[in-house]
file run.pdb (PDB, C-alpha atoms and all ligand atoms)
ATOM      1  CA  MET A   1     -20.991  63.850  13.788
ATOM      2  CA  SER A   2     -18.311  66.456  13.847
ATOM      3  CA  THR A   3     -18.094  66.948  10.071
ATOM      4  CA  SER A   4     -21.614  68.302   9.869
ATOM      5  CA  LYS A   5     -20.786  71.069  12.299
ATOM      6  CA  LYS A   6     -17.671  72.271  10.498
ATOM      7  CA  ARG A   7     -18.245  75.195   8.208
ATOM      8  CA  ALA A   8     -15.504  76.348   5.904
ATOM      9  CA  ARG A   9     -16.442  79.878   5.029
ATOM     10  CA  VAL A  10     -19.251  82.039   3.792
ATOM     11  CA  ASP A  11     -19.858  81.316   0.134
ATOM     12  CA  ASP A  12     -19.600  84.913  -0.983
ATOM     13  CA  ILE A  13     -18.216  84.275  -4.447
ATOM     14  CA  ASP A  14     -21.249  82.356  -5.703
ATOM     15  CA  SER A  15     -23.168  85.360  -6.700
ATOM     16  CA  ASP A  16     -24.763  84.130  -9.925
ATOM     17  CA  ASN A  17     -28.537  84.294  -9.539
ATOM     18  CA  GLU A  18     -28.292  84.660  -5.758
ATOM     19  CA  PRO A  19     -31.332  86.114  -4.059
ATOM     20  CA  ALA A  20     -30.718  89.682  -2.883
ATOM     21  CA  VAL A  21     -31.453  88.961   0.764
ATOM     22  CA  GLN A  22     -30.859  85.680   2.533
ATOM     23  CA  ALA A  23     -31.340  85.194   6.248
ATOM     24  CA  ILE A  24     -28.412  82.778   6.604
ATOM     25  CA  PRO A  25     -25.717  83.084   3.943
ATOM     26  CA  PRO A  26     -24.868  79.695   2.472
ATOM     27  CA  THR A  27     -21.576  78.187   3.546
ATOM     28  CA  ARG A  28     -19.432  75.563   1.892
ATOM     29  CA  SER A  29     -19.103  72.167   3.511
ATOM     30  CA  SER A  30     -15.556  71.768   4.738
ATOM     31  CA  ASP A  31     -15.589  68.054   3.899
ATOM     32  CA  PHE A  32     -17.508  67.966   0.647
ATOM     33  CA  TRP A  33     -16.404  70.830  -1.554
ATOM     34  CA  PHE A  34     -14.309  69.287  -4.299
ATOM     35  CA  SER A  35     -12.679  71.689  -6.767
ATOM     36  CA  ASP A  36     -13.386  69.171  -9.548
ATOM     37  CA  GLY A  37     -16.940  68.566  -8.315
ATOM     38  CA  SER A  38     -19.593  68.876 -11.010
ATOM     39  CA  VAL A  39     -22.807  69.513  -9.084
ATOM     40  CA  VAL A  40     -23.656  71.693  -6.086
ATOM     41  CA  LEU A  41     -26.162  70.407  -3.546
ATOM     42  CA  GLU A  42     -27.603  72.618  -0.837
ATOM     43  CA  ALA A  43     -29.122  71.443   2.430
ATOM     44  CA  GLU A  44     -30.315  74.043   4.910
ATOM     45  CA  SER A  45     -27.601  76.678   4.479
ATOM     46  CA  THR A  46     -24.707  74.390   3.571
ATOM     47  CA  ARG A  47     -23.521  73.699   0.051
ATOM     48  CA  PHE A  48     -21.720  70.584  -1.120
ATOM     49  CA  ARG A  49     -19.780  70.499  -4.402
ATOM     50  CA  VAL A  50     -19.594  66.836  -5.311
ATOM     51  CA  HIS A  51     -19.292  64.607  -8.353
ATOM     52  CA  SER A  52     -22.418  64.072 -10.398
ATOM     53  CA  SER A  53     -21.034  60.736 -11.629
ATOM     54  CA  MET A  54     -20.807  59.548  -7.994
ATOM     55  CA  LEU A  55     -24.415  60.552  -7.290
ATOM     56  CA  ALA A  56     -25.678  59.030 -10.550
ATOM     57  CA  LEU A  57     -23.786  55.787  -9.925
ATOM     58  CA  HIS A  58     -25.462  55.182  -6.569
ATOM     59  CA  SER A  59     -28.850  56.846  -6.939
ATOM     60  CA  THR A  60     -31.448  56.437  -9.660
ATOM     61  CA  VAL A  61     -33.222  59.512  -8.276
ATOM     62  CA  PHE A  62     -30.136  61.762  -8.535
ATOM     63  CA  LYS A  63     -29.389  60.226 -11.941
ATOM     64  CA  GLY A  64     -32.834  61.302 -13.135
ATOM     65  CA  MET A  65     -32.460  64.786 -11.619
ATOM     66  CA  LEU A  66     -29.061  65.269 -13.267
ATOM     67  CA  GLN A  67     -30.340  64.143 -16.659
ATOM     68  CA  HIS A  68     -33.224  66.563 -16.295
ATOM     69  CA  LEU A  69     -30.786  69.379 -15.445
ATOM     70  CA  LYS A  70     -28.679  68.549 -18.501
ATOM     71  CA  ILE A  71     -31.680  68.840 -20.821
ATOM     72  CA  GLY A  72     -32.887  72.155 -19.433
ATOM     73  CA  LYS A  73     -29.414  73.525 -18.689
ATOM     74  CA  ALA A  74     -30.102  77.093 -19.817
ATOM     75  CA  HIS A  75     -32.956  77.535 -17.361
ATOM     76  CA  HIS A  76     -31.257  76.170 -14.277
ATOM     77  CA  LYS A  77     -29.376  77.994 -11.621
ATOM     78  CA  MET A  78     -25.638  77.369 -11.705
ATOM     79  CA  ILE A  79     -23.149  77.753  -8.846
ATOM     80  CA  ASP A  80     -19.441  77.918  -9.725
ATOM     81  CA  GLY A  81     -20.379  76.673 -13.182
ATOM     82  CA  CYS A  82     -22.086  73.587 -11.728
ATOM     83  CA  PRO A  83     -25.772  72.712 -11.774
ATOM     84  CA  PHE A  84     -27.377  73.563  -8.449
ATOM     85  CA  ILE A  85     -29.759  71.195  -6.624
ATOM     86  CA  PRO A  86     -31.419  72.470  -3.439
ATOM     87  CA  LEU A  87     -32.484  69.604  -1.162
ATOM     88  CA  ASP A  88     -35.105  69.682   1.558
ATOM     89  CA  ASP A  89     -33.072  67.364   3.822
ATOM     90  CA  SER A  90     -31.065  68.514   6.819
ATOM     91  CA  GLU A  91     -27.400  69.390   6.507
ATOM     92  CA  GLU A  92     -26.581  66.577   8.939
ATOM     93  CA  GLU A  93     -28.470  63.991   6.864
ATOM     94  CA  VAL A  94     -26.792  65.026   3.624
ATOM     95  CA  THR A  95     -23.392  65.002   5.315
ATOM     96  CA  TYR A  96     -24.040  61.446   6.544
ATOM     97  CA  MET A  97     -25.145  60.420   3.063
ATOM     98  CA  LEU A  98     -22.061  61.881   1.373
ATOM     99  CA  SER A  99     -19.755  60.456   4.076
ATOM    100  CA  ALA A 100     -21.168  57.021   3.301
ATOM    101  CA  LEU A 101     -20.907  57.444  -0.483
ATOM    102  CA  TYR A 102     -17.336  58.769  -0.305
ATOM    103  CA  GLU A 103     -16.497  56.322   2.516
ATOM    104  CA  LYS A 104     -15.097  59.273   4.384
ATOM    105  CA  ASN A 105     -15.731  58.558   8.051
ATOM    106  CA  PRO A 106     -15.601  55.300   9.980
ATOM    107  CA  ARG A 107     -18.927  54.313  11.490
ATOM    108  CA  PRO A 108     -19.039  54.923  15.256
ATOM    109  CA  ARG A 109     -20.353  52.188  17.546
ATOM    110  CA  PRO A 110     -22.886  52.371  19.027
ATOM    111  CA  ALA A 111     -24.301  53.871  15.844
ATOM    112  CA  PRO A 112     -26.002  57.198  16.691
ATOM    113  CA  PHE A 113     -29.696  57.333  15.852
ATOM    114  CA  SER A 114     -29.196  60.356  13.582
ATOM    115  CA  LEU A 115     -26.718  58.339  11.474
ATOM    116  CA  PHE A 116     -28.794  55.266  10.679
ATOM    117  CA  ALA A 117     -32.005  57.309  10.466
ATOM    118  CA  ALA A 118     -30.362  59.533   7.813
ATOM    119  CA  LEU A 119     -28.946  56.555   5.904
ATOM    120  CA  LEU A 120     -32.328  54.832   5.903
ATOM    121  CA  ARG A 121     -34.502  57.847   5.079
ATOM    122  CA  LEU A 122     -32.225  59.222   2.360
ATOM    123  CA  GLY A 123     -31.395  55.730   1.116
ATOM    124  CA  ILE A 124     -35.100  55.162   0.493
ATOM    125  CA  LYS A 125     -35.834  58.699  -0.731
ATOM    126  CA  TYR A 126     -32.984  58.812  -3.271
ATOM    127  CA  ASP A 127     -32.941  55.067  -3.953
ATOM    128  CA  VAL A 128     -29.369  54.555  -2.756
ATOM    129  CA  LYS A 129     -29.227  50.843  -2.037
ATOM    130  CA  CYS A 130     -25.885  50.836  -0.192
ATOM    131  CA  LEU A 131     -27.144  53.435   2.328
ATOM    132  CA  ARG A 132     -30.454  51.683   2.832
ATOM    133  CA  ASN A 133     -28.813  48.294   3.268
ATOM    134  CA  GLU A 134     -26.254  49.629   5.738
ATOM    135  CA  ALA A 135     -29.001  51.178   7.878
ATOM    136  CA  ILE A 136     -31.137  48.025   7.679
ATOM    137  CA  ASP A 137     -28.113  45.879   8.631
ATOM    138  CA  ILE A 138     -27.556  48.041  11.732
ATOM    139  CA  LEU A 139     -31.240  47.841  12.695
ATOM    140  CA  GLU A 140     -31.593  44.109  12.012
ATOM    141  CA  SER A 141     -28.456  43.338  14.049
ATOM    142  CA  ALA A 142     -29.534  45.608  16.895
ATOM    143  CA  LEU A 143     -33.132  44.375  16.980
ATOM    144  CA  PRO A 144     -32.988  40.807  15.686
ATOM    145  CA  THR A 145     -35.727  38.347  14.799
ATOM    146  CA  THR A 146     -33.997  35.247  16.186
ATOM    147  CA  LEU A 147     -33.650  34.241  19.815
ATOM    148  CA  GLU A 148     -29.965  33.312  19.354
ATOM    149  CA  LYS A 149     -29.073  36.801  18.132
ATOM    150  CA  TYR A 150     -31.258  38.449  20.757
ATOM    151  CA  GLN A 151     -29.492  36.550  23.547
ATOM    152  CA  LYS A 152     -26.107  37.753  22.301
ATOM    153  CA  LEU A 153     -27.101  41.410  22.568
ATOM    154  CA  ASN A 154     -25.928  43.421  25.458
ATOM    155  CA  THR A 155     -28.545  46.107  25.698
ATOM    156  CA  LYS A 156     -26.996  47.473  28.878
ATOM    157  CA  THR A 157     -23.719  48.449  27.212
ATOM    158  CA  ASN A 158     -25.225  49.720  23.948
ATOM    159  CA  GLY A 159     -23.132  47.622  21.572
ATOM    160  CA  ILE A 160     -24.747  48.116  18.161
ATOM    161  CA  ILE A 161     -27.057  51.036  18.878
ATOM    162  CA  ASP A 162     -27.813  53.032  21.997
ATOM    163  CA  TYR A 163     -30.629  51.135  23.709
ATOM    164  CA  SER A 164     -31.764  54.045  25.887
ATOM    165  CA  SER A 165     -35.543  54.325  26.016
ATOM    166  CA  ASN A 166     -35.616  57.684  24.242
ATOM    167  CA  VAL A 167     -33.599  56.253  21.334
ATOM    168  CA  LEU A 168     -35.729  53.089  21.184
ATOM    169  CA  MET A 169     -38.847  55.243  20.980
ATOM    170  CA  ASP A 170     -37.391  57.133  18.012
ATOM    171  CA  VAL A 171     -36.301  53.815  16.469
ATOM    172  CA  ILE A 172     -39.867  52.485  16.791
ATOM    173  CA  ASP A 173     -41.139  55.529  14.890
ATOM    174  CA  LEU A 174     -38.393  55.215  12.268
ATOM    175  CA  VAL A 175     -38.878  51.502  11.518
ATOM    176  CA  THR A 176     -42.665  51.951  11.444
ATOM    177  CA  GLU A 177     -42.378  54.906   9.044
ATOM    178  CA  THR A 178     -39.887  53.136   6.768
ATOM    179  CA  SER A 179     -41.444  49.649   7.010
ATOM    180  CA  VAL A 180     -38.472  47.873   8.581
ATOM    181  CA  LEU A 181     -41.104  46.131  10.633
ATOM    182  CA  SER A 182     -39.243  42.995  11.737
ATOM    183  CA  CYS A 183     -37.379  45.166  14.270
ATOM    184  CA  LEU A 184     -40.521  46.077  16.193
ATOM    185  CA  PRO A 185     -40.964  42.998  18.455
ATOM    186  CA  ALA A 186     -37.384  43.202  19.816
ATOM    187  CA  ALA A 187     -37.697  46.985  20.213
ATOM    188  CA  TYR A 188     -40.993  46.570  22.083
ATOM    189  CA  LEU A 189     -39.504  43.812  24.231
ATOM    190  CA  ILE A 190     -36.441  45.819  25.280
ATOM    191  CA  LEU A 191     -38.455  48.987  25.848
ATOM    192  CA  SER A 192     -41.051  47.057  27.879
ATOM    193  CA  GLU A 193     -38.668  47.138  30.856
ATOM    194  CA  ASP A 194     -39.155  50.902  31.151
ATOM    195  CA  ILE A 195     -42.822  51.421  31.951
ATOM    196  CA  ASP A 196     -42.277  55.041  33.047
ATOM    197  CA  SER A 197     -40.956  56.069  29.627
ATOM    198  CA  ILE A 198     -43.704  54.095  27.880
ATOM    199  CA  MET A 199     -46.365  55.850  29.921
ATOM    200  CA  TYR A 200     -44.978  59.360  30.260
ATOM    201  CA  GLY A 201     -42.414  59.703  27.471
ATOM    202  CA  ALA A 202     -38.659  60.275  27.647
ATOM    203  CA  THR A 203     -36.154  63.037  27.006
ATOM    204  CA  ARG A 204     -33.637  62.977  24.174
ATOM    205  CA  GLU A 205     -30.033  64.092  24.611
ATOM    206  CA  ASP A 206     -30.961  67.489  23.172
ATOM    207  CA  ASP A 207     -33.636  67.871  25.890
ATOM    208  CA  THR A 208     -36.563  67.484  23.481
ATOM    209  CA  ALA A 209     -39.370  65.151  24.518
ATOM    210  CA  VAL A 210     -40.320  61.913  22.783
ATOM    211  CA  VAL A 211     -43.560  60.003  23.396
ATOM    212  CA  LEU A 212     -44.915  56.764  22.001
ATOM    213  CA  ASP A 213     -48.138  56.799  20.055
ATOM    214  CA  GLU A 214     -51.131  55.237  21.805
ATOM    215  CA  GLY A 215     -51.106  52.098  19.635
ATOM    216  CA  ALA A 216     -47.493  51.222  20.443
ATOM    217  CA  LYS A 217     -47.958  52.126  24.112
ATOM    218  CA  ASN A 218     -50.954  49.827  24.528
ATOM    219  CA  ALA A 219     -49.334  47.011  22.547
ATOM    220  CA  ILE A 220     -46.183  47.070  24.700
ATOM    221  CA  ILE A 221     -48.012  47.190  28.044
ATOM    222  CA  CYS A 222     -50.452  44.412  27.084
ATOM    223  CA  GLY A 223     -47.633  42.343  25.551
ATOM    224  CA  ARG A 224     -45.440  42.642  28.619
ATOM    225  CA  ASN A 225     -48.327  41.639  30.845
ATOM    226  CA  LYS A 226     -49.070  38.530  28.754
ATOM    227  CA  LEU A 227     -45.390  37.535  28.659
ATOM    228  CA  LEU A 228     -45.102  37.851  32.443
ATOM    229  CA  LYS A 229     -48.237  35.732  32.901
ATOM    230  CA  ASP A 230     -47.113  33.039  30.447
ATOM    231  CA  ALA A 231     -43.482  32.716  31.503
ATOM    232  CA  PRO A 232     -44.072  30.554  34.645
ATOM    233  CA  PHE A 233     -46.136  28.094  32.591
ATOM    234  CA  LYS A 234     -43.834  28.039  29.566
ATOM    235  CA  ALA A 235     -40.131  29.010  29.798
ATOM    236  CA  PHE A 236     -40.062  28.326  33.548
ATOM    237  CA  SER A 237     -42.489  25.382  33.602
ATOM    238  CA  TRP A 238     -39.603  23.093  34.620
ATOM    239  CA  VAL A 239     -39.699  24.482  38.189
ATOM    240  CA  LYS A 240     -42.584  22.152  38.984
ATOM    241  CA  GLY A 241     -39.949  19.387  38.955
ATOM    242  CA  SER A 242     -40.185  16.070  37.172
ATOM    243  CA  GLY A 243     -40.507  12.397  37.752
ATOM    244  CA  SER A 244     -37.396  11.665  35.734
ATOM    245  CA  ALA A 245     -34.585   9.345  36.754
ATOM    246  CA  CYS A 246     -33.095  11.930  39.082
ATOM    247  CA  GLY A 247     -29.835  10.750  40.619
ATOM    248  CA  GLN A 248     -29.995  12.824  43.826
ATOM    249  CA  LYS A 249     -33.588  13.571  44.659
ATOM    250  CA  ARG A 250     -33.011  15.381  47.961
ATOM    251  CA  ALA A 251     -30.327  17.737  46.604
ATOM    252  CA  CYS A 252     -32.312  18.396  43.407
ATOM    253  CA  MET A 253     -35.454  19.220  45.414
ATOM    254  CA  ALA A 254     -33.438  21.750  47.438
ATOM    255  CA  ALA A 255     -32.012  23.188  44.214
ATOM    256  CA  LEU A 256     -35.501  23.423  42.751
ATOM    257  CA  HIS A 257     -36.662  25.278  45.836
ATOM    258  CA  ASP A 258     -33.814  27.783  45.464
ATOM    259  CA  ALA A 259     -34.439  28.141  41.743
ATOM    260  CA  MET A 260     -38.103  28.823  42.393
ATOM    261  CA  GLU A 261     -37.235  31.476  44.949
ATOM    262  CA  ASP A 262     -34.741  33.101  42.559
ATOM    263  CA  LEU A 263     -37.277  33.111  39.738
ATOM    264  CA  TRP A 264     -40.024  34.395  42.004
ATOM    265  CA  ARG A 265     -37.908  37.322  43.128
ATOM    266  CA  ASN A 266     -36.623  38.218  39.629
ATOM    267  CA  GLN A 267     -39.303  37.078  37.256
ATOM    268  CA  VAL A 268     -42.204  38.847  38.938
ATOM    269  CA  GLN A 269     -40.558  42.197  38.307
ATOM    270  CA  GLN A 270     -38.732  41.643  35.039
ATOM    271  CA  LEU A 271     -39.039  39.830  31.769
ATOM    272  CA  THR A 272     -36.289  37.253  32.112
ATOM    273  CA  CYS A 273     -37.939  34.517  30.052
ATOM    274  CA  PHE A 274     -35.718  35.127  27.000
ATOM    275  CA  GLU A 275     -32.439  35.307  28.882
ATOM    276  CA  THR A 276     -30.008  32.416  28.660
ATOM    277  CA  PHE A 277     -30.233  29.983  31.536
ATOM    278  CA  LYS A 278     -28.222  31.139  34.528
ATOM    279  CA  LYS A 279     -25.402  28.603  34.931
ATOM    280  CA  SER A 280     -25.524  29.063  38.703
ATOM    281  CA  LEU A 281     -29.161  27.935  38.735
ATOM    282  CA  LEU A 282     -28.508  24.753  36.790
ATOM    283  CA  SER A 283     -25.215  23.724  38.307
ATOM    284  CA  ARG A 284     -26.770  22.484  41.535
ATOM    285  CA  PHE A 285     -28.932  19.871  39.822
ATOM    286  CA  CYS A 286     -27.833  16.340  39.015
ATOM    287  CA  ALA A 287     -26.773  15.742  35.418
ATOM    288  CA  THR A 288     -30.141  14.186  34.484
ATOM    289  CA  CYS A 289     -32.149  17.133  35.870
ATOM    290  CA  GLN A 290     -29.745  19.663  34.366
ATOM    291  CA  ALA A 291     -30.231  18.191  30.911
ATOM    292  CA  GLU A 292     -33.979  17.878  31.316
ATOM    293  CA  TYR A 293     -34.646  21.321  32.798
ATOM    294  CA  GLY A 294     -32.237  22.988  30.400
ATOM    295  CA  LYS A 295     -33.961  21.385  27.419
ATOM    296  CA  THR A 296     -37.450  22.279  28.652
ATOM    297  CA  HIS A 297     -36.334  25.851  29.253
ATOM    298  CA  ARG A 298     -34.780  26.240  25.799
ATOM    299  CA  ASP A 299     -37.669  24.545  23.960
ATOM    300  CA  GLU A 300     -40.343  26.594  25.706
ATOM    301  CA  GLN A 301     -38.307  29.776  25.374
ATOM    302  CA  ARG A 302     -38.053  29.197  21.627
ATOM    303  CA  LYS A 303     -41.821  28.662  21.349
ATOM    304  CA  MET A 304     -42.419  31.917  23.232
ATOM    305  CA  TRP A 305     -39.956  33.742  20.957
ATOM    306  CA  ASN A 306     -41.660  32.336  17.860
ATOM    307  CA  ASP A 307     -44.909  33.725  19.269
ATOM    308  CA  LEU A 308     -43.351  37.049  20.335
ATOM    309  CA  PRO A 309     -45.137  39.134  17.659
ATOM    310  CA  THR A 310     -48.504  37.738  18.812
ATOM    311  CA  TYR A 311     -47.911  39.077  22.318
ATOM    312  CA  PHE A 312     -47.718  42.570  20.818
ATOM    313  CA  GLY A 313     -50.759  42.236  18.577
ATOM    314  CA  TRP A 314     -49.397  40.889  15.279
ATOM    315  CA  THR A 315     -50.266  37.458  13.923
ATOM    316  CA  SER A 316     -46.700  36.193  13.304
ATOM    317  CA  TRP A 317     -43.151  37.218  12.332
ATOM    318  CA  LYS A 318     -44.291  36.938   8.705
ATOM    319  CA  ASP A 319     -46.671  39.773   9.462
ATOM    320  CA  LEU A 320     -43.623  42.007   9.885
ATOM    321  CA  PRO A 321     -41.625  42.181   6.660
ATOM    322  CA  ASN A 322     -38.828  44.591   5.876
ATOM    323  CA  ILE A 323     -39.988  45.859   2.541
ATOM    324  CA  HIS A 324     -36.682  47.523   1.660
ATOM    325  CA  SER A 325     -34.493  44.621   2.740
ATOM    326  CA  SER A 326     -32.139  43.307   0.091
ATOM    327  CA  LYS A 327     -32.160  39.833   1.646
TER     328      LYS A 327
HETATM  329 ZN    ZN A 401     -31.817  15.503  39.753
END

call {"tool": "encode", "arguments": {"input": "run.pdb", "output": "structure tokens"}}
result
Amino acid sequence: MSTSKKRARVDDIDSDNEPAVQAIPPTRSSDFWFSDGSVVLEAESTRFRVHSSMLALHSTVFKGMLQHLKIGKAHHKMIDGCPFIPLDDSEEEVTYMLSALYEKNPRPRPAPFSLFAALLRLGIKYDVKCLRNEAIDILESALPTTLEKYQKLNTKTNGIIDYSSNVLMDVIDLVTETSVLSCLPAAYLILSEDIDSIMYGATREDDTAVVLDEGAKNAIICGRNKLLKDAPFKAFSWVKGSGSACGQKRACMAALHDAMEDLWRNQVQQLTCFETFKKSLLSRFCATCQAEYGKTHRDEQRKMWNDLPTYFGWTSWKDLPNIHSSK
């Protein structure tokens, strides 16, 4: 985010109680230095002069810190006459947090990983419900627990988040660390299409490497294998045909043959069992077969989705709560 990179100027006037030597002189945030601010936060080498009432309103943790500072006022470092709170978070994270609290910047779509990771981590750390809920909303929409929502995603065009493998691998770490566990099956499922990254890791935009831990790696590979084995007998079980009241047996047999060939070519390589039925596949069947095969496909697909966590080693969706979710 551009705001985090903007630096206003070296903070040379805040000399009260400054250490004699500092490797990087602190600078003022260009976006969050309010002349009527009543508390100074510092993250890395950037300082933010903001309103203590705003922090206390949203965060029980900041509220407690500020009350503590009030009591022991004489012993605390002051900057520009304001209590000073050094934070061990990154400048970027604190900038995201303040942008959200002051509603300063519109949220970009797809949401960058650094944004929702900061909102979630700091939302939990400082008990800021609106940040936490916003991050969880992004994650739950991007990696849903229902088949209907999953089918509406377009993971190729990165609608809600960036679905690149390197980002998904970071997301898997983030939701595991912060217990937003319901996102894991969809994340595993989407990532399962990229075996190379699962096996050998991927590269982030900043050229750093990201690798999955062994547990996640094994779960995804085994899960993908089981899904591929089950799909012909479940979601695609209709290709064996039926003895229903078919109105055009010869044409429907030919259509079945083509459908089988299409599925054989695509399904063997990729996990297509949760995709919506291709209209072109169904349209060649008579109305009776269309209805029957479509229903079988949807029913079996739903059963497989309900069992999705079990493919990856959990017992059920209930095994994967989001402990910070407000819902
Ligand atoms: Zn038919």

call {"tool": "resolve_selection", "arguments": {"input": "run.pdb", "expression": "the PyMOL selection byres (((not hetatm)) within 10 of (chain A and resi 401))", "output": "short mmCIF file (atom, residue, chain, number, x, y, z; two decimals) with C-alpha atoms, keeping the file's coordinate frame"}}
result
data_model
loop_
_atom_site.label_atom_id
_atom_site.label_comp_id
_atom_site.auth_asym_id
_atom_site.auth_seq_id
_atom_site.Cartn_x
_atom_site.Cartn_y
_atom_site.Cartn_z
CA GLY A 241 -39.95 19.39 38.96
CA SER A 242 -40.18 16.07 37.17
CA GLY A 243 -40.51 12.40 37.75
CA SER A 244 -37.40 11.66 35.73
CA ALA A 245 -34.58 9.35 36.75
CA CYS A 246 -33.10 11.93 39.08
CA GLY A 247 -29.84 10.75 40.62
CA GLN A 248 -30.00 12.82 43.83
CA LYS A 249 -33.59 13.57 44.66
CA ARG A 250 -33.01 15.38 47.96
CA ALA A 251 -30.33 17.74 46.60
CA CYS A 252 -32.31 18.40 43.41
CA MET A 253 -35.45 19.22 45.41
CA ALA A 255 -32.01 23.19 44.21
CA LEU A 256 -35.50 23.42 42.75
CA ARG A 284 -26.77 22.48 41.54
CA PHE A 285 -28.93 19.87 39.82
CA CYS A 286 -27.83 16.34 39.02
CA ALA A 287 -26.77 15.74 35.42
CA THR A 288 -30.14 14.19 34.48
CA CYS A 289 -32.15 17.13 35.87
CA GLN A 290 -29.74 19.66 34.37
CA ALA A 291 -30.23 18.19 30.91
CA GLU A 292 -33.98 17.88 31.32
CA TYR A 293 -34.65 21.32 32.80
#

call {"tool": "residues_around", "arguments": {"input": "run.pdb", "residues": "segment 147-151 of chain A", "least_positions_apart": "5", "cutoff": "12 Å", "atoms": "only C-alpha atoms", "output": "list of chain:residue names"}}
result
A:Glu140, A:Ser141, A:Ala142, A:Ile160, A:Cys183, A:Pro185, A:Ala186, A:Ala187, A:Leu189, A:Ile190, A:Thr272, A:Cys273, A:Phe274, A:Glu275, A:Thr276, A:Phe277, A:Arg298, A:Asp299, A:Glu300, A:Gln301, A:Arg302, A:Lys303, A:Met304, A:Trp305, A:Asn306, A:Asp307, A:Leu308

call {"tool": "closest_residue", "arguments": {"input": "run.pdb", "among": "A:His58, A:Lys156, A:Arg109, A:Arg121", "to": "Ser90 of chain A", "atoms": "only C-alpha atoms"}}
result
A:Arg121

call {"tool": "closest_residue", "arguments": {"input": "run.pdb", "among": "A:Met97, A:Leu174, A:Leu120, A:Val128", "to": "Phe62 of chain A", "atoms": "all atoms listed in the file"}}
result
A:Val128

call {"tool": "residues_around", "arguments": {"input": "run.pdb", "residues": "segment 47-57 of chain A", "least_positions_apart": "6", "cutoff": "8 Å", "atoms": "all atoms listed in the file", "output": "list in words"}}
result
Pro26, Thr27, Arg28, Ser29, Phe32, Trp33, Phe34, Ser35, Asp36, Gly37, Ser38, Val39, Val40, Leu41, Lys63, Gly64, Leu66 and Leu101 of chain A

call {"tool": "resolve_selection", "arguments": {"input": "run.pdb", "expression": "the PyMOL selection byres (((chain A and resi 202) around 12) and not hetatm)", "output": "list in words"}}
result
Ser164, Ser165, Asn166, Val167, Leu168, Met169, Asp170, Leu191, Asp194, Ile195, Asp196, Ser197, Ile198, Met199, Tyr200, Gly201, Thr203, Arg204, Glu205, Asp206, Asp207, Thr208, Ala209, Val210, Val211 and Leu212 of chain A

call {"tool": "decode", "arguments": {"input": "run.pdb", "residues": "segment 53-92 of chain A", "atoms": "C-alpha atoms", "output": "PDB file, in the first residue's frame"}}
result
ATOM      1  CA  SER A  53      -9.936   8.027  22.194  1.00  0.00           C
ATOM      2  CA  MET A  54     -10.051   6.344  18.755  1.00  0.00           C
ATOM      3  CA  LEU A  55      -7.691   3.568  19.875  1.00  0.00           C
ATOM      4  CA  ALA A  56      -9.527   3.077  23.181  1.00  0.00           C
ATOM      5  CA  LEU A  57     -12.910   2.972  21.439  1.00  0.00           C
ATOM      6  CA  HIS A  58     -11.916   0.089  19.171  1.00  0.00           C
ATOM      7  CA  SER A  59      -9.347  -1.817  21.208  1.00  0.00           C
ATOM      8  CA  THR A  60      -9.568  -3.114  24.756  1.00  0.00           C
ATOM      9  CA  VAL A  61      -5.811  -3.732  24.649  1.00  0.00           C
ATOM     10  CA  PHE A  62      -4.956  -0.123  23.701  1.00  0.00           C
ATOM     11  CA  LYS A  63      -7.550   1.079  26.220  1.00  0.00           C
ATOM     12  CA  GLY A  64      -5.718  -0.826  28.953  1.00  0.00           C
ATOM     13  CA  MET A  65      -2.311   0.445  27.792  1.00  0.00           C
ATOM     14  CA  LEU A  66      -3.536   4.051  27.753  1.00  0.00           C
ATOM     15  CA  GLN A  67      -5.049   3.768  31.222  1.00  0.00           C
ATOM     16  CA  HIS A  68      -1.775   2.333  32.457  1.00  0.00           C
ATOM     17  CA  LEU A  69       0.125   5.248  30.880  1.00  0.00           C
ATOM     18  CA  LYS A  70      -2.216   7.743  32.542  1.00  0.00           C
ATOM     19  CA  ILE A  71      -1.559   6.275  35.988  1.00  0.00           C
ATOM     20  CA  GLY A  72       2.216   6.225  35.644  1.00  0.00           C
ATOM     21  CA  LYS A  73       2.432   9.392  33.544  1.00  0.00           C
ATOM     22  CA  ALA A  74       5.541  10.812  35.215  1.00  0.00           C
ATOM     23  CA  HIS A  75       7.630   7.759  34.385  1.00  0.00           C
ATOM     24  CA  HIS A  76       6.685   7.407  30.746  1.00  0.00           C
ATOM     25  CA  LYS A  77       8.404   8.762  27.724  1.00  0.00           C
ATOM     26  CA  MET A  78       6.511  11.579  26.034  1.00  0.00           C
ATOM     27  CA  ILE A  79       6.788  12.725  22.412  1.00  0.00           C
ATOM     28  CA  ASP A  80       5.388  16.158  21.519  1.00  0.00           C
ATOM     29  CA  GLY A  81       3.629  16.127  24.879  1.00  0.00           C
ATOM     30  CA  CYS A  82       1.882  12.837  24.058  1.00  0.00           C
ATOM     31  CA  PRO A  83       2.379   9.453  25.687  1.00  0.00           C
ATOM     32  CA  PHE A  84       4.641   7.279  23.561  1.00  0.00           C
ATOM     33  CA  ILE A  85       3.875   3.614  22.791  1.00  0.00           C
ATOM     34  CA  PRO A  86       6.494   1.632  20.857  1.00  0.00           C
ATOM     35  CA  LEU A  87       4.950  -1.341  19.037  1.00  0.00           C
ATOM     36  CA  ASP A  88       6.706  -4.461  17.831  1.00  0.00           C
ATOM     37  CA  ASP A  89       4.562  -4.652  14.669  1.00  0.00           C
ATOM     38  CA  SER A  90       5.730  -3.617  11.220  1.00  0.00           C
ATOM     39  CA  GLU A  91       5.140  -0.117   9.917  1.00  0.00           C
ATOM     40  CA  GLU A  92       3.027  -1.582   7.108  1.00  0.00           C
TER      41      GLU A  92
END
